[in-house]
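All remarks here apply to the structure that follows.
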Amino acid sequence: MSVIRLDHVSRWYGNVVAVNDVDMTIGPGVTGLLGPNGAGKSTLIHMMGGFLAPSAGTVTLDGDKVWRHQAAYRHIGLVPEREALYDSLTGWEFVLANARLHRLADPETAAREAIETVEMGPAADRAVGGYSKGMKQRIKMATALVHRPSVLLLDEPFNGMDPRQRLHLMDLLRSMGQAGRTVLFSSHILEEVEQVASHIEVVVAGRHAASGDFREIRRLMIDRPHQYVIRSSDDRRLASALIADGSSAGVELDARERCLRVQAVDFARFTWLVPQVARAADVRLYEISPSDESLESVFSYLITA
Ligand SMILES: Nc1ncnc2c1ncn2[C@@H]1O[C@H](COP(=O)(O)OP(=O)(O)OP(=O)(O)O)[C@@H](O)[C@H]1O
């Protein structure tokens, strides 16, 4: 069994704290590392893969520190996000070179199998420079799989893939997870993560914000207080009526924007109730729109929750 443990892990670049005191355990199966851009996902993945040293704390694989530990590298495959590849090499040469770097007993067979796994056989003799983004992604995946690692780490693997490639990769990750490998991939899209991952770790601004299966994470997101902007024929009167009704956690009159900013607790009940409250107060509604639906606001709720 391959378990990666992060124990009070931080990483800073000069003054920038990219990862802040994270405790996390990643076991067999597929885990999605979810977070907005700049949350620290790549930094975490590079530390888990032994590509980057933590500034504080420890990253271990089955109890052994990963950083500068040759033996651990043999069990880990990492598919980085960056595109930089050796453009003049063919896919086959690139994967084979990696197989040789790992000093595998039969590098040719290992390279062929890895290329077949990602269905790149037909394009293996073409130069990498001419590959599409999705094809580059798959050939990087083949190099990460060539030594049959028990841990596979992928940084934003679905970026640039077309729907067919995406489904293929999802199937591949699922079957690796079912076979008992420890698979972790990062993404900033919840829908993408919940289609493949049985477990989700959420990071925001370098901190570990939440952990659970996708139902739990979705519930956290849906149950959070929702912010609405409301415009009406009489914002002041509507504000008093909403406060009196008690279905809102906060009502703020924004005189400059000529609107109300309302914090709803139970959003299903709230959207059902507002028109009734408005009618009873003889106020006409012009607009009700959610103002905090961006992923960042959902995440920032999670981190303070
Ligand atoms: N080499 C570096 N030097 C300085 N700052 C860095 C470096 N690498 C990352 N950072 C900063 O650390 C923070 C976390 O970056 P990281 O790339 O780990 O996040 P991410 O969640 O992977 O984001 P993205 O999805 O945009 O790649 C960001 O503020 C980023 O600007």
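Following the order of the structure tokens, chains are lettered A, B, ..., residues in each are numbered from 1, and ligands are numbered from 1.
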
Extract the full set of helix (DSSP H, G or I) residues from segment 172-220 of chain A according to DSSP on the backbone, and format it as a list of chain:residue names.
->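 The helix (DSSP H, G or I) subset of segment 172-220 of chain A is A:Leu172, A:Leu173, A:Arg174, A:Ser175, A:Met176, A:Gly177, A:Gln178, A:Leu190, A:Glu191, A:Glu192, A:Val193, A:Glu194, A:Gln195, A:Val196, A:Phe214, A:Arg215, A:Glu216, A:Ile217, A:Arg218, A:Arg219, A:Leu220.
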
At most 7 Å is the cut-off: for each residue in chain A with any atom that close to an atom of ligand 1, write down the nearest atom pair and the distance in Å rounded to one decimal, counting only C-alpha atoms and all ligand atoms, chain first then increasing number, as JSON lines.
```
{"residue": "A:Tyr13", "atom": "CA", "partner": "ligand 1", "partner_atom_place_in_ligand_line": "4 (C)", "distance": 4.8}
{"residue": "A:Gly14", "atom": "CA", "partner": "ligand 1", "partner_atom_place_in_ligand_line": "4 (C)", "distance": 6.9}
{"residue": "A:Val16", "atom": "CA", "partner": "ligand 1", "partner_atom_place_in_ligand_line": "5 (N)", "distance": 5.9}
{"residue": "A:Val17", "atom": "CA", "partner": "ligand 1", "partner_atom_place_in_ligand_line": "12 (O)", "distance": 6.5}
{"residue": "A:Ala18", "atom": "CA", "partner": "ligand 1", "partner_atom_place_in_ligand_line": "12 (O)", "distance": 3.9}
{"residue": "A:Val19", "atom": "CA", "partner": "ligand 1", "partner_atom_place_in_ligand_line": "14 (C)", "distance": 7.0}
{"residue": "A:Gly35", "atom": "CA", "partner": "ligand 1", "partner_atom_place_in_ligand_line": "21 (O)", "distance": 6.1}
{"residue": "A:Pro36", "atom": "CA", "partner": "ligand 1", "partner_atom_place_in_ligand_line": "21 (O)", "distance": 6.1}
{"residue": "A:Asn37", "atom": "CA", "partner": "ligand 1", "partner_atom_place_in_ligand_line": "26 (O)", "distance": 3.7}
{"residue": "A:Gly38", "atom": "CA", "partner": "ligand 1", "partner_atom_place_in_ligand_line": "23 (O)", "distance": 3.4}
{"residue": "A:Ala39", "atom": "CA", "partner": "ligand 1", "partner_atom_place_in_ligand_line": "21 (O)", "distance": 3.7}
{"residue": "A:Gly40", "atom": "CA", "partner": "ligand 1", "partner_atom_place_in_ligand_line": "18 (O)", "distance": 3.2}
{"residue": "A:Lys41", "atom": "CA", "partner": "ligand 1", "partner_atom_place_in_ligand_line": "21 (O)", "distance": 3.7}
{"residue": "A:Ser42", "atom": "CA", "partner": "ligand 1", "partner_atom_place_in_ligand_line": "22 (O)", "distance": 3.5}
{"residue": "A:Thr43", "atom": "CA", "partner": "ligand 1", "partner_atom_place_in_ligand_line": "18 (O)", "distance": 3.7}
{"residue": "A:Leu44", "atom": "CA", "partner": "ligand 1", "partner_atom_place_in_ligand_line": "18 (O)", "distance": 6.5}
{"residue": "A:His188", "atom": "CA", "partner": "ligand 1", "partner_atom_place_in_ligand_line": "25 (O)", "distance": 6.9}
{"residue": "A:Gly206", "atom": "CA", "partner": "ligand 1", "partner_atom_place_in_ligand_line": "14 (C)", "distance": 6.7}
```

Go through segment 163-227 of chain A residue by residue and, counting only C-alpha atoms, keep those with an atom at most 10 Å from segment 65-87 of chain A; for each kept residue give the shortest atom pair and its distance in Å to one decimal, ordered by chain and increasing number, as CSV.
```
residue,atom,partner,partner_atom,distance
A:Thr182,CA,A:Ile76,CA,9.4
A:Val183,CA,A:Gly77,CA,9.5
A:Leu184,CA,A:Leu78,CA,9.7
A:Phe185,CA,A:Val79,CA,9.1
A:Ser186,CA,A:Glu81,CA,9.6
```

With a distance cut-off of 12 Å and only C-alpha atoms, select the neighbouring residues of Glu113 of chain A, excluding the residue or stretch itself and same-chain residues fewer than 4 positions from it, and output the selection as a ChimeraX atom specification.
-> /A:92,95-96,99,106-109,117-121,124,142-143,145-148

Same residues, N, CA and C atoms, output as a PDB file, in the first residue's frame:
```pdb
ATOM      1  N   TRP A  92       8.227   7.934 -28.979  1.00  0.00           N
ATOM      2  CA  TRP A  92       8.899   6.680 -28.604  1.00  0.00           C
ATOM      3  C   TRP A  92      10.257   6.955 -27.959  1.00  0.00           C
ATOM      4  N   VAL A  95       9.892   8.466 -24.388  1.00  0.00           N
ATOM      5  CA  VAL A  95       9.482   7.514 -23.348  1.00  0.00           C
ATOM      6  C   VAL A  95      10.616   6.520 -23.073  1.00  0.00           C
ATOM      7  N   LEU A  96      11.274   6.092 -24.146  1.00  0.00           N
ATOM      8  CA  LEU A  96      12.382   5.148 -23.994  1.00  0.00           C
ATOM      9  C   LEU A  96      13.522   5.768 -23.175  1.00  0.00           C
ATOM     10  N   ALA A  99      12.655   5.463 -19.671  1.00  0.00           N
ATOM     11  CA  ALA A  99      12.768   4.070 -19.214  1.00  0.00           C
ATOM     12  C   ALA A  99      14.239   3.768 -18.904  1.00  0.00           C
ATOM     13  N   ASP A 106      14.209  -4.048 -18.977  1.00  0.00           N
ATOM     14  CA  ASP A 106      13.827  -4.154 -20.387  1.00  0.00           C
ATOM     15  C   ASP A 106      13.136  -2.840 -20.798  1.00  0.00           C
ATOM     16  N   PRO A 107      13.951  -1.795 -21.063  1.00  0.00           N
ATOM     17  CA  PRO A 107      13.350  -0.491 -21.318  1.00  0.00           C
ATOM     18  C   PRO A 107      12.433  -0.459 -22.546  1.00  0.00           C
ATOM     19  N   GLU A 108      12.762  -1.234 -23.591  1.00  0.00           N
ATOM     20  CA  GLU A 108      11.931  -1.221 -24.806  1.00  0.00           C
ATOM     21  C   GLU A 108      10.507  -1.700 -24.511  1.00  0.00           C
ATOM     22  N   THR A 109      10.423  -2.840 -23.821  1.00  0.00           N
ATOM     23  CA  THR A 109       9.087  -3.383 -23.517  1.00  0.00           C
ATOM     24  C   THR A 109       8.323  -2.422 -22.614  1.00  0.00           C
ATOM     25  N   THR A 117      -0.636   2.002 -23.175  1.00  0.00           N
ATOM     26  CA  THR A 117      -1.587   2.344 -22.110  1.00  0.00           C
ATOM     27  C   THR A 117      -2.265   3.683 -22.390  1.00  0.00           C
ATOM     28  N   VAL A 118      -1.506   4.632 -22.922  1.00  0.00           N
ATOM     29  CA  VAL A 118      -2.093   5.957 -23.173  1.00  0.00           C
ATOM     30  C   VAL A 118      -2.566   6.099 -24.633  1.00  0.00           C
ATOM     31  N   GLU A 119      -2.593   4.969 -25.341  1.00  0.00           N
ATOM     32  CA  GLU A 119      -3.064   4.919 -26.735  1.00  0.00           C
ATOM     33  C   GLU A 119      -2.332   5.896 -27.642  1.00  0.00           C
ATOM     34  N   MET A 120      -1.023   5.926 -27.520  1.00  0.00           N
ATOM     35  CA  MET A 120      -0.233   6.808 -28.378  1.00  0.00           C
ATOM     36  C   MET A 120       0.577   6.022 -29.417  1.00  0.00           C
ATOM     37  N   GLY A 121       0.296   4.702 -29.534  1.00  0.00           N
ATOM     38  CA  GLY A 121       1.044   3.865 -30.472  1.00  0.00           C
ATOM     39  C   GLY A 121       1.128   4.455 -31.880  1.00  0.00           C
ATOM     40  N   ALA A 124       3.568   7.377 -32.107  1.00  0.00           N
ATOM     41  CA  ALA A 124       4.826   7.262 -31.351  1.00  0.00           C
ATOM     42  C   ALA A 124       6.059   7.622 -32.175  1.00  0.00           C
ATOM     43  N   ALA A 142       2.821   8.741 -20.336  1.00  0.00           N
ATOM     44  CA  ALA A 142       3.541   7.493 -20.619  1.00  0.00           C
ATOM     45  C   ALA A 142       4.916   7.499 -19.939  1.00  0.00           C
ATOM     46  N   THR A 143       5.604   8.662 -19.962  1.00  0.00           N
ATOM     47  CA  THR A 143       6.928   8.707 -19.313  1.00  0.00           C
ATOM     48  C   THR A 143       6.780   8.534 -17.797  1.00  0.00           C
ATOM     49  N   LEU A 145       4.550   6.726 -16.392  1.00  0.00           N
ATOM     50  CA  LEU A 145       4.097   5.361 -16.084  1.00  0.00           C
ATOM     51  C   LEU A 145       5.123   4.296 -16.420  1.00  0.00           C
ATOM     52  N   VAL A 146       6.194   4.702 -17.095  1.00  0.00           N
ATOM     53  CA  VAL A 146       7.078   3.707 -17.701  1.00  0.00           C
ATOM     54  C   VAL A 146       7.716   2.767 -16.677  1.00  0.00           C
ATOM     55  N   HIS A 147       7.924   3.237 -15.464  1.00  0.00           N
ATOM     56  CA  HIS A 147       8.541   2.365 -14.446  1.00  0.00           C
ATOM     57  C   HIS A 147       7.492   1.759 -13.515  1.00  0.00           C
ATOM     58  N   ARG A 148       6.225   1.778 -13.982  1.00  0.00           N
ATOM     59  CA  ARG A 148       5.101   1.196 -13.230  1.00  0.00           C
ATOM     60  C   ARG A 148       5.071   1.662 -11.776  1.00  0.00           C
TER      61      ARG A 148
END
```

Could you list, with a cut-off of 9 Å and counting only C-alpha atoms, the residues of segment 148-199 of chain A near segment 2-7 of chain A, each shown with its nearest atom pair and the distance in Å rounded to one decimal, rows sorted by chain and ascending number, as JSON lines?
```
{"residue": "A:Ser150", "atom": "CA", "partner": "A:Ser2", "partner_atom": "CA", "distance": 6.6}
{"residue": "A:Val151", "atom": "CA", "partner": "A:Ser2", "partner_atom": "CA", "distance": 6.8}
{"residue": "A:Gly180", "atom": "CA", "partner": "A:Ser2", "partner_atom": "CA", "distance": 8.8}
{"residue": "A:Arg181", "atom": "CA", "partner": "A:Ser2", "partner_atom": "CA", "distance": 7.4}
{"residue": "A:Thr182", "atom": "CA", "partner": "A:Ser2", "partner_atom": "CA", "distance": 6.3}
```

Limited to N, CA and C atoms, could you put the picked residues into a file as a compact mmCIF listing (two decimals), in the first residue's frame?
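Output saved as part.txt:
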```
# COMPACT_ATOMS: atom_id res chain seq x y z
N SER A 150 3.77 3.00 -8.15
CA SER A 150 2.54 2.72 -7.38
C SER A 150 1.83 4.02 -7.03
N VAL A 151 2.55 5.15 -7.20
CA VAL A 151 1.94 6.47 -6.95
C VAL A 151 2.03 7.28 -8.24
N GLY A 180 -5.61 -0.34 -7.16
CA GLY A 180 -4.92 -0.16 -5.88
C GLY A 180 -3.78 0.85 -5.91
N ARG A 181 -3.60 1.54 -7.06
CA ARG A 181 -2.55 2.55 -7.09
C ARG A 181 -3.04 3.83 -6.39
N THR A 182 -2.07 4.59 -5.95
CA THR A 182 -2.39 5.88 -5.33
C THR A 182 -2.27 6.94 -6.41
```

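Counting only C-alpha atoms and comparing A:Ile288, A:Ala56, A:Val204, A:Ala209, the residue that lies closest to Val274 of chain A is A:Ile288.
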
Name all residues at most 6 Å from Asn20 of chain A (count only C-alpha atoms; drop same-chain ones fewer than 2 positions away) and give them as a CSV table (one decimal) with C-alpha atoms, in the first residue's frame.
```csv
chain,number,residue,atom,x,y,z
A,10,SER,CA,5.0,24.6,4.3
A,22,VAL,CA,-0.7,21.5,5.4
A,206,GLY,CA,-1.8,27.6,0.4
A,207,ARG,CA,-4.0,26.2,3.1
```
